Each structure stands twice: as structure tokens, then as C-alpha cells.
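S.K.: Structure file input.cif, mmCIF, C-alpha atoms, is pasted below:
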data_start
#
loop_
_atom_site.label_atom_id
_atom_site.label_comp_id
_atom_site.auth_asym_id
_atom_site.auth_seq_id
_atom_site.Cartn_x
_atom_site.Cartn_y
_atom_site.Cartn_z
CA MET A 1 300.54 -21.57 37.38
CA ALA A 2 298.82 -22.75 34.22
CA SER A 3 297.96 -20.02 31.74
CA GLN A 4 294.31 -19.01 31.98
CA SER A 5 294.39 -18.02 28.29
CA ASP A 6 294.81 -21.67 27.31
CA ASN A 7 291.45 -23.23 28.13
CA SER A 8 292.72 -26.73 27.34
CA VAL A 9 295.27 -26.64 30.17
CA ALA A 10 294.13 -27.93 33.54
CA PHE A 11 295.16 -26.42 36.86
CA SER A 12 296.92 -28.52 39.48
CA ALA A 13 295.26 -29.24 42.82
CA ALA A 14 297.72 -26.89 44.52
CA GLU A 15 296.86 -24.07 42.11
CA LEU A 16 293.12 -24.51 42.73
CA GLU A 17 293.74 -24.49 46.47
CA PHE A 18 295.76 -21.28 46.12
CA LEU A 19 292.86 -19.61 44.32
CA ALA A 20 290.38 -20.85 46.93
CA GLU A 21 292.36 -19.25 49.75
CA ASP A 22 290.98 -15.83 48.75
CA GLU A 23 287.44 -16.90 49.68
CA MET A 24 286.04 -15.13 52.74
CA ILE A 25 285.31 -17.05 55.93
CA GLU A 26 284.32 -16.20 59.48
CA ILE A 27 286.66 -16.52 62.45
CA VAL A 28 286.29 -15.91 66.18
CA PRO A 29 289.54 -14.38 67.50
CA ASN A 30 290.82 -15.06 70.99
CA MET A 31 293.22 -12.10 70.91
CA ARG A 32 293.18 -8.35 70.42
CA MET A 33 294.74 -6.95 67.26
CA GLU A 34 294.49 -3.72 65.29
CA PRO A 35 293.31 -3.83 61.65
CA LEU A 36 295.58 -5.48 59.10
CA ASN A 37 296.10 -3.29 56.03
CA LEU A 38 296.84 -5.69 53.19
CA ILE A 39 296.95 -5.41 49.41
CA SER A 40 293.71 -7.38 49.17
CA GLY A 41 291.94 -5.12 51.69
CA ASP A 42 291.70 -4.13 55.34
CA PHE A 43 290.71 -6.79 57.87
CA GLY A 44 289.94 -6.24 61.53
CA PRO A 45 290.15 -4.87 64.11
CA PHE A 46 290.13 -8.17 65.96
CA ARG A 47 288.60 -8.48 69.41
CA PRO A 48 288.20 -11.61 71.56
CA GLN A 49 284.98 -13.55 70.92
CA ILE A 50 283.78 -11.08 68.26
CA ALA A 51 283.38 -12.75 64.83
CA ALA A 52 285.24 -11.27 61.87
CA GLN A 53 285.37 -11.94 58.13
CA VAL A 54 288.80 -12.69 56.68
CA PRO A 55 290.24 -14.49 53.65
CA LEU A 56 290.67 -18.22 54.13
CA TRP A 57 294.48 -17.98 53.92
CA LEU A 58 294.51 -15.50 56.82
CA ALA A 59 292.10 -17.63 58.84
CA VAL A 60 294.38 -20.65 58.41
CA ALA A 61 297.46 -18.61 59.34
CA LEU A 62 295.81 -17.32 62.54
CA LYS A 63 294.48 -20.79 63.34
CA LYS A 64 297.97 -22.31 63.08
CA ARG A 65 299.17 -19.76 65.65
CA GLY A 66 296.30 -20.51 68.00
CA LYS A 67 294.85 -17.01 67.56
CA CYS A 68 291.31 -17.95 66.54
CA THR A 69 288.74 -20.61 65.83
CA ILE A 70 287.18 -20.95 62.39
CA ARG A 71 283.44 -21.09 61.88
CA PRO A 72 282.59 -23.53 59.08
CA PRO A 73 280.40 -21.94 56.39
CA GLU A 74 276.67 -22.58 56.57
CA TRP A 75 276.70 -24.88 53.53
CA MET A 76 278.97 -27.31 55.45
CA SER A 77 276.27 -28.16 57.98
CA ILE A 78 274.90 -31.70 57.92
CA GLU A 79 271.40 -30.42 57.18
CA LYS A 80 272.49 -28.38 54.15
CA LEU A 81 274.76 -31.09 52.76
CA THR A 82 272.03 -33.70 53.13
CA GLN A 83 269.62 -31.50 51.18
CA VAL A 84 272.19 -30.97 48.43
CA LEU A 85 272.95 -34.70 48.20
CA GLU A 86 269.28 -35.62 47.87
CA ALA A 87 268.74 -32.93 45.23
CA GLU A 88 271.81 -34.10 43.28
CA ARG A 89 270.48 -37.65 43.22
CA ASP A 90 266.97 -36.60 42.17
CA SER A 91 267.93 -34.19 39.39
CA GLU A 92 270.08 -34.24 36.28
CA LYS A 93 271.13 -30.66 37.02
CA PHE A 94 274.06 -29.70 39.20
CA GLN A 95 273.06 -28.10 42.47
CA LEU A 96 274.46 -24.71 43.45
CA LEU A 97 277.53 -25.00 45.67
CA PRO A 98 280.43 -22.62 46.31
CA PHE A 99 282.78 -22.58 43.32
CA HIS A 100 285.64 -23.82 45.53
CA TYR A 101 283.62 -26.10 47.81
CA VAL A 102 286.11 -28.96 47.41
CA GLU A 103 289.19 -26.85 48.17
CA ILE A 104 287.54 -24.98 51.07
CA SER A 105 286.40 -28.17 52.75
CA ARG A 106 289.82 -29.78 52.24
CA LEU A 107 291.61 -26.82 53.85
CA LEU A 108 289.24 -26.83 56.81
CA PHE A 109 289.57 -30.59 57.26
CA ASP A 110 293.36 -30.20 57.29
CA HIS A 111 293.69 -27.15 59.53
CA ALA A 112 290.48 -26.73 61.55
CA ARG A 113 289.07 -30.20 62.06
CA GLU A 114 288.34 -29.53 65.74
CA ASP A 115 286.16 -26.56 64.73
CA ILE A 116 283.86 -28.66 62.52
CA PRO A 117 280.96 -30.38 64.34
CA ASP A 118 280.43 -34.00 63.25
CA ILE A 119 283.42 -33.78 60.94
CA TYR A 120 283.27 -37.42 59.84
CA MET A 121 279.64 -37.11 58.74
CA VAL A 122 280.38 -33.81 57.00
CA ARG A 123 283.34 -35.35 55.18
CA SER A 124 281.26 -38.37 54.15
CA LEU A 125 278.43 -36.21 52.78
CA ILE A 126 280.83 -34.07 50.74
CA GLU A 127 282.46 -37.19 49.29
CA ASP A 128 279.03 -38.57 48.37
CA ILE A 129 278.10 -35.30 46.68
CA LYS A 130 281.36 -35.35 44.72
CA ASP A 131 280.70 -38.93 43.59
CA VAL A 132 277.18 -38.13 42.36
CA ARG A 133 278.36 -35.05 40.50
CA PHE A 134 281.28 -36.96 38.94
CA HIS A 135 278.83 -39.57 37.69
CA LYS A 136 276.81 -36.81 36.00
CA ILE A 137 279.98 -35.44 34.42
CA GLY A 138 280.94 -38.89 33.15
CA THR A 139 277.50 -39.39 31.62
CA GLY A 140 277.69 -36.00 29.93
CA LEU A 141 281.14 -36.69 28.49
CA GLU A 142 279.90 -39.99 27.04
CA ILE A 143 277.13 -38.11 25.23
CA ILE A 144 279.61 -35.57 23.85
CA SER A 145 281.93 -38.32 22.62
CA LYS A 146 279.09 -39.96 20.65
CA GLU A 147 277.28 -36.93 19.24
CA VAL A 148 278.48 -33.97 17.19
CA THR A 149 278.31 -30.94 19.47
CA TYR A 150 279.32 -27.35 18.70
CA ALA A 151 278.49 -25.71 22.05
CA LEU A 152 278.10 -26.87 25.61
CA ARG A 153 276.70 -25.15 28.69
CA LEU A 154 277.35 -26.63 32.11
CA LYS A 155 275.84 -24.66 34.97
CA ASN A 156 276.94 -24.75 38.63
CA LEU A 157 280.15 -26.71 38.09
CA SER A 158 282.77 -26.21 40.78
CA ALA A 159 286.37 -25.21 40.08
CA MET A 160 287.64 -28.78 40.40
CA GLU A 161 284.87 -30.19 38.20
CA ALA A 162 285.37 -27.55 35.52
CA ASN A 163 289.09 -28.24 35.70
CA ILE A 164 288.47 -31.92 34.94
CA VAL A 165 286.01 -31.28 32.13
CA ARG A 166 287.82 -28.39 30.41
CA PRO A 167 290.60 -30.25 28.53
CA PHE A 168 288.30 -32.98 27.16
CA VAL A 169 285.47 -30.65 26.16
CA THR A 170 287.81 -28.13 24.55
CA LYS A 171 289.48 -30.76 22.40
CA ALA A 172 286.15 -32.38 21.50
CA LEU A 173 284.58 -29.09 20.40
CA GLN A 174 287.69 -28.20 18.40
CA THR A 175 287.53 -31.57 16.66
CA PHE A 176 283.82 -31.20 15.84
CA HIS A 177 284.42 -27.68 14.50
CA LYS A 178 287.31 -28.91 12.36
CA LEU A 179 285.21 -31.75 10.92
CA ASN A 180 282.35 -29.38 10.21
CA THR A 181 284.70 -26.97 8.42
CA MET A 182 286.18 -29.75 6.31
CA GLU A 183 282.68 -30.88 5.26
CA ALA A 184 281.81 -27.33 4.19
CA ILE A 185 284.84 -27.08 1.85
CA PRO A 186 284.27 -28.82 -1.54
CA GLU A 187 286.85 -31.35 -2.65
CA SER A 188 289.65 -29.95 -4.78
CA GLY A 189 288.92 -30.14 -8.50
CA SER A 190 285.19 -30.59 -7.97
CA ILE A 191 282.69 -28.13 -9.45
CA PRO A 192 279.08 -27.78 -8.30
CA ASN A 193 276.48 -29.03 -10.81
CA ARG A 194 275.12 -25.57 -11.67
CA GLN A 195 278.59 -24.21 -12.35
CA ARG A 196 279.41 -27.29 -14.45
CA GLN A 197 276.28 -26.79 -16.56
CA ALA A 198 277.12 -23.14 -17.10
CA VAL A 199 280.63 -24.05 -18.24
CA ASN A 200 279.30 -26.69 -20.64
CA GLN A 201 276.83 -24.25 -22.19
CA ARG A 202 279.48 -21.56 -22.56
CA ASP A 203 281.82 -24.00 -24.33
CA LYS A 204 279.19 -24.93 -26.94
CA ARG A 205 279.43 -22.70 -29.97
CA VAL A 206 276.45 -22.36 -32.33
CA LEU A 207 277.54 -22.62 -35.96
CA LYS A 208 275.48 -20.43 -38.27
CA GLY A 209 275.22 -21.21 -41.92
CA ARG A 210 276.83 -18.76 -44.36
#
Could you render the structure from this file as C-alpha cells?

M.R.:
Amino acid sequence: MASQSDNSVAFSAAELEFLAEDEMIEIVPNMRMEPLNLISGDFGPFRPQIAAQVPLWLAVALKKRGKCTIRPPEWMSIEKLTQVLEAERDSEKFQLLPFHYVEISRLLFDHAREDIPDIYMVRSLIEDIKDVRFHKIGTGLEIISKEVTYALRLKNLSAMEANIVRPFVTKALQTFHKLNTMEAIPESGSIPNRQRQAVNQRDKRVLKGR
């Protein structure tokens, strides 16, 4: 996995998906099972037709074994996604979405497609939202590349979007800082005017008559 201490290094898609698997999601079991005592916490007990909250990785594992159905999160409804898409188009700001909305939706499309109502419309809306947000990111990066910038605040970016922006923004800000530092350092051998005047006056000796 890429080092988190190096902000200029981007994560791979697989690494982002791995991080997203810790997000909580709701399942409806079709079996009876006692609580699972895991390092990340205790989950269960599981009873047929009684919803339970579990990490996404566990939901996918149970789904693969035919032990549950997965309830898509509320933000993945057509109504919510349509509202987000319209707001994204009407505003320069990024709308609030789950930090791993891309990875979560991808995992559910791959492993629980039969549990998602109107999956093709949901997929289309998410792709449209991604396209609009990518356009905003591209516009912002063009501004950064043309103007000297020393700080940048981007609110409501998702993990994937931040992952794309991070390497470029980090290098750009480092370059601007370096240029600013070089401008602040006087050229070697040069002396400010006031210091030069003081040196000239000190070198002049007044000759007094004897």
C-alpha cells in the first residue's frame, strides 16, 4: 500500500477499494448465526429477516455464500442521486457524498446487483455525477496551473477524487513555495541600497587640516 506519509503518492484503485470495505452497510440475513467477535468489533447476532449493520467486506462475504441480501444505502436511491446531480450542475461547490461513494457503488454493482432496484439508472446517475465532478476538478487544476497559489481547500472531495488531485496539487504548491522562497533571497553579491550607502559613508574619511 502506498505510504500515507507521502502526500504526493496516489493510491491504486485496489487500495482505495480495500479501505472502503470497512464502511458499514445494512444486510438482511436469511440464516441464524451467533455474534461474530472480530478485531474490528462485534457483529450480530444474525436472525432471518432482521436487518443488521456490518462492514462492507463482511456483507460481500456473506452475500457470496448466499447468506444475506444487501440493502443499498439511502444515498444510492434514484431520488437522492438525481438531487445530487442537479445540485452538482447548478453549483461550483462539490456536493456532500460518502467519502468512498465510488468504491462502495462499484462493490455493490459487482456483488449485489440483484439487490439494487433500477440498477442501470442508478449506475448511470453515479457516472453522470462523477463526470460533472471531474469537470469541476479539471477547471480547478487549470486555475492552479495558471496562478500562483500557496494554499488550497477542496471540500467534499471523495477518496478517488482526492487521490487524483493530490499528486498534481502537492507538486504545484511545492513549486510555488520554492519560487517564492527564491524570490525572497537576494542575489549573491548584491547589497541593498541602504546598506550600500552606509558602507560608502563609512569608507569616506574626513581629512582635518593640521

S.K.: Quick one: apply the PyMOL selection byres ((chain A and resi 107) around 10) to the file and drop the selected residues here as a compact mmCIF listing (two decimals) with C-alpha atoms, in the coordinates of the input.

M.R.:
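Final output, saved to selection.txt:
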# COMPACT_ATOMS: atom_id res chain seq x y z
CA GLU A 17 293.74 -24.49 46.47
CA ALA A 20 290.38 -20.85 46.93
CA GLU A 21 292.36 -19.25 49.75
CA LEU A 56 290.67 -18.22 54.13
CA TRP A 57 294.48 -17.98 53.92
CA VAL A 60 294.38 -20.65 58.41
CA VAL A 102 286.11 -28.96 47.41
CA GLU A 103 289.19 -26.85 48.17
CA ILE A 104 287.54 -24.98 51.07
CA SER A 105 286.40 -28.17 52.75
CA ARG A 106 289.82 -29.78 52.24
CA LEU A 108 289.24 -26.83 56.81
CA PHE A 109 289.57 -30.59 57.26
CA ASP A 110 293.36 -30.20 57.29
CA HIS A 111 293.69 -27.15 59.53
CA ALA A 112 290.48 -26.73 61.55
CA ARG A 113 289.07 -30.20 62.06

S.K.: Here is a test: counting all atoms listed in the file, which residue of A:Leu141, A:Leu38, A:Leu125, A:Ile27 is nearest to Glu88 (chain A)?

M.R.: A:Leu125

S.K.: Check what the PyMOL selection byres ((chain A and resi 40) around 12) selects in the file above and give those residues as a count of residues only.

M.R.: 15

S.K.: Quick one: apply the PyMOL selection byres ((chain A and resi 82) around 12) to the file and drop the selected residues here as a list in words.

M.R.: Trp75, Met76, Ser77, Ile78, Glu79, Lys80, Leu81, Gln83, Val84, Leu85, Glu86, Ala87, Glu88, Arg89, Met121, Val122, Arg123, Ser124, Leu125, Ile126, Glu127, Asp128 and Ile129 of chain A

S.K.: Between CA of Asn156 (chain A) and CA of Gln95 (chain A), what distance in Å does the model show, to one decimal?

M.R.: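 Taking CA of Asn156 (chain A) and CA of Gln95 (chain A), their separation equals 6.4 Å.
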
S.K.: Kindly indicate which residue among A:Gly66, A:Pro117, A:Gly140, A:Pro73 lies nearest to Lys93 (chain A), using all atoms listed in the file for the distances.

M.R.: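 For Lys93 (chain A), the nearest of the candidates is A:Gly140.
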
S.K.: Name the residues in contact with Ser158 (chain A) at a cut-off of 10 Å, using all atoms listed in the file, excluding same-chain residues fewer than 5 positions from it; report them as a list in words.

M.R.: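 That gives Phe94, Leu96, Leu97, Pro98, Phe99, His100, Tyr101, Val102, Glu103, Arg133, Asn163 and Ile164 of chain A.
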
S.K.: To one decimal place, how far is CA of Cys68 (chain A) from CA of Gln53 (chain A) in Å?

M.R.: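 Calculated distance between CA of Cys68 (chain A) and CA of Gln53 (chain A) is 11.9 Å.
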
S.K.: Between CA of Ala162 (chain A) and CA of Leu16 (chain A), what is the distance, to one decimal in Å?

M.R.: 11.0 Å

S.K.: Ranking A:Leu154, A:Ile116, A:Val132, A:Leu62 by minimum distance to Asn30 (chain A) and counting only C-alpha atoms, which one comes first?

M.R.: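 Using only C-alpha atoms, the shortest distance to Asn30 (chain A) belongs to A:Leu62.
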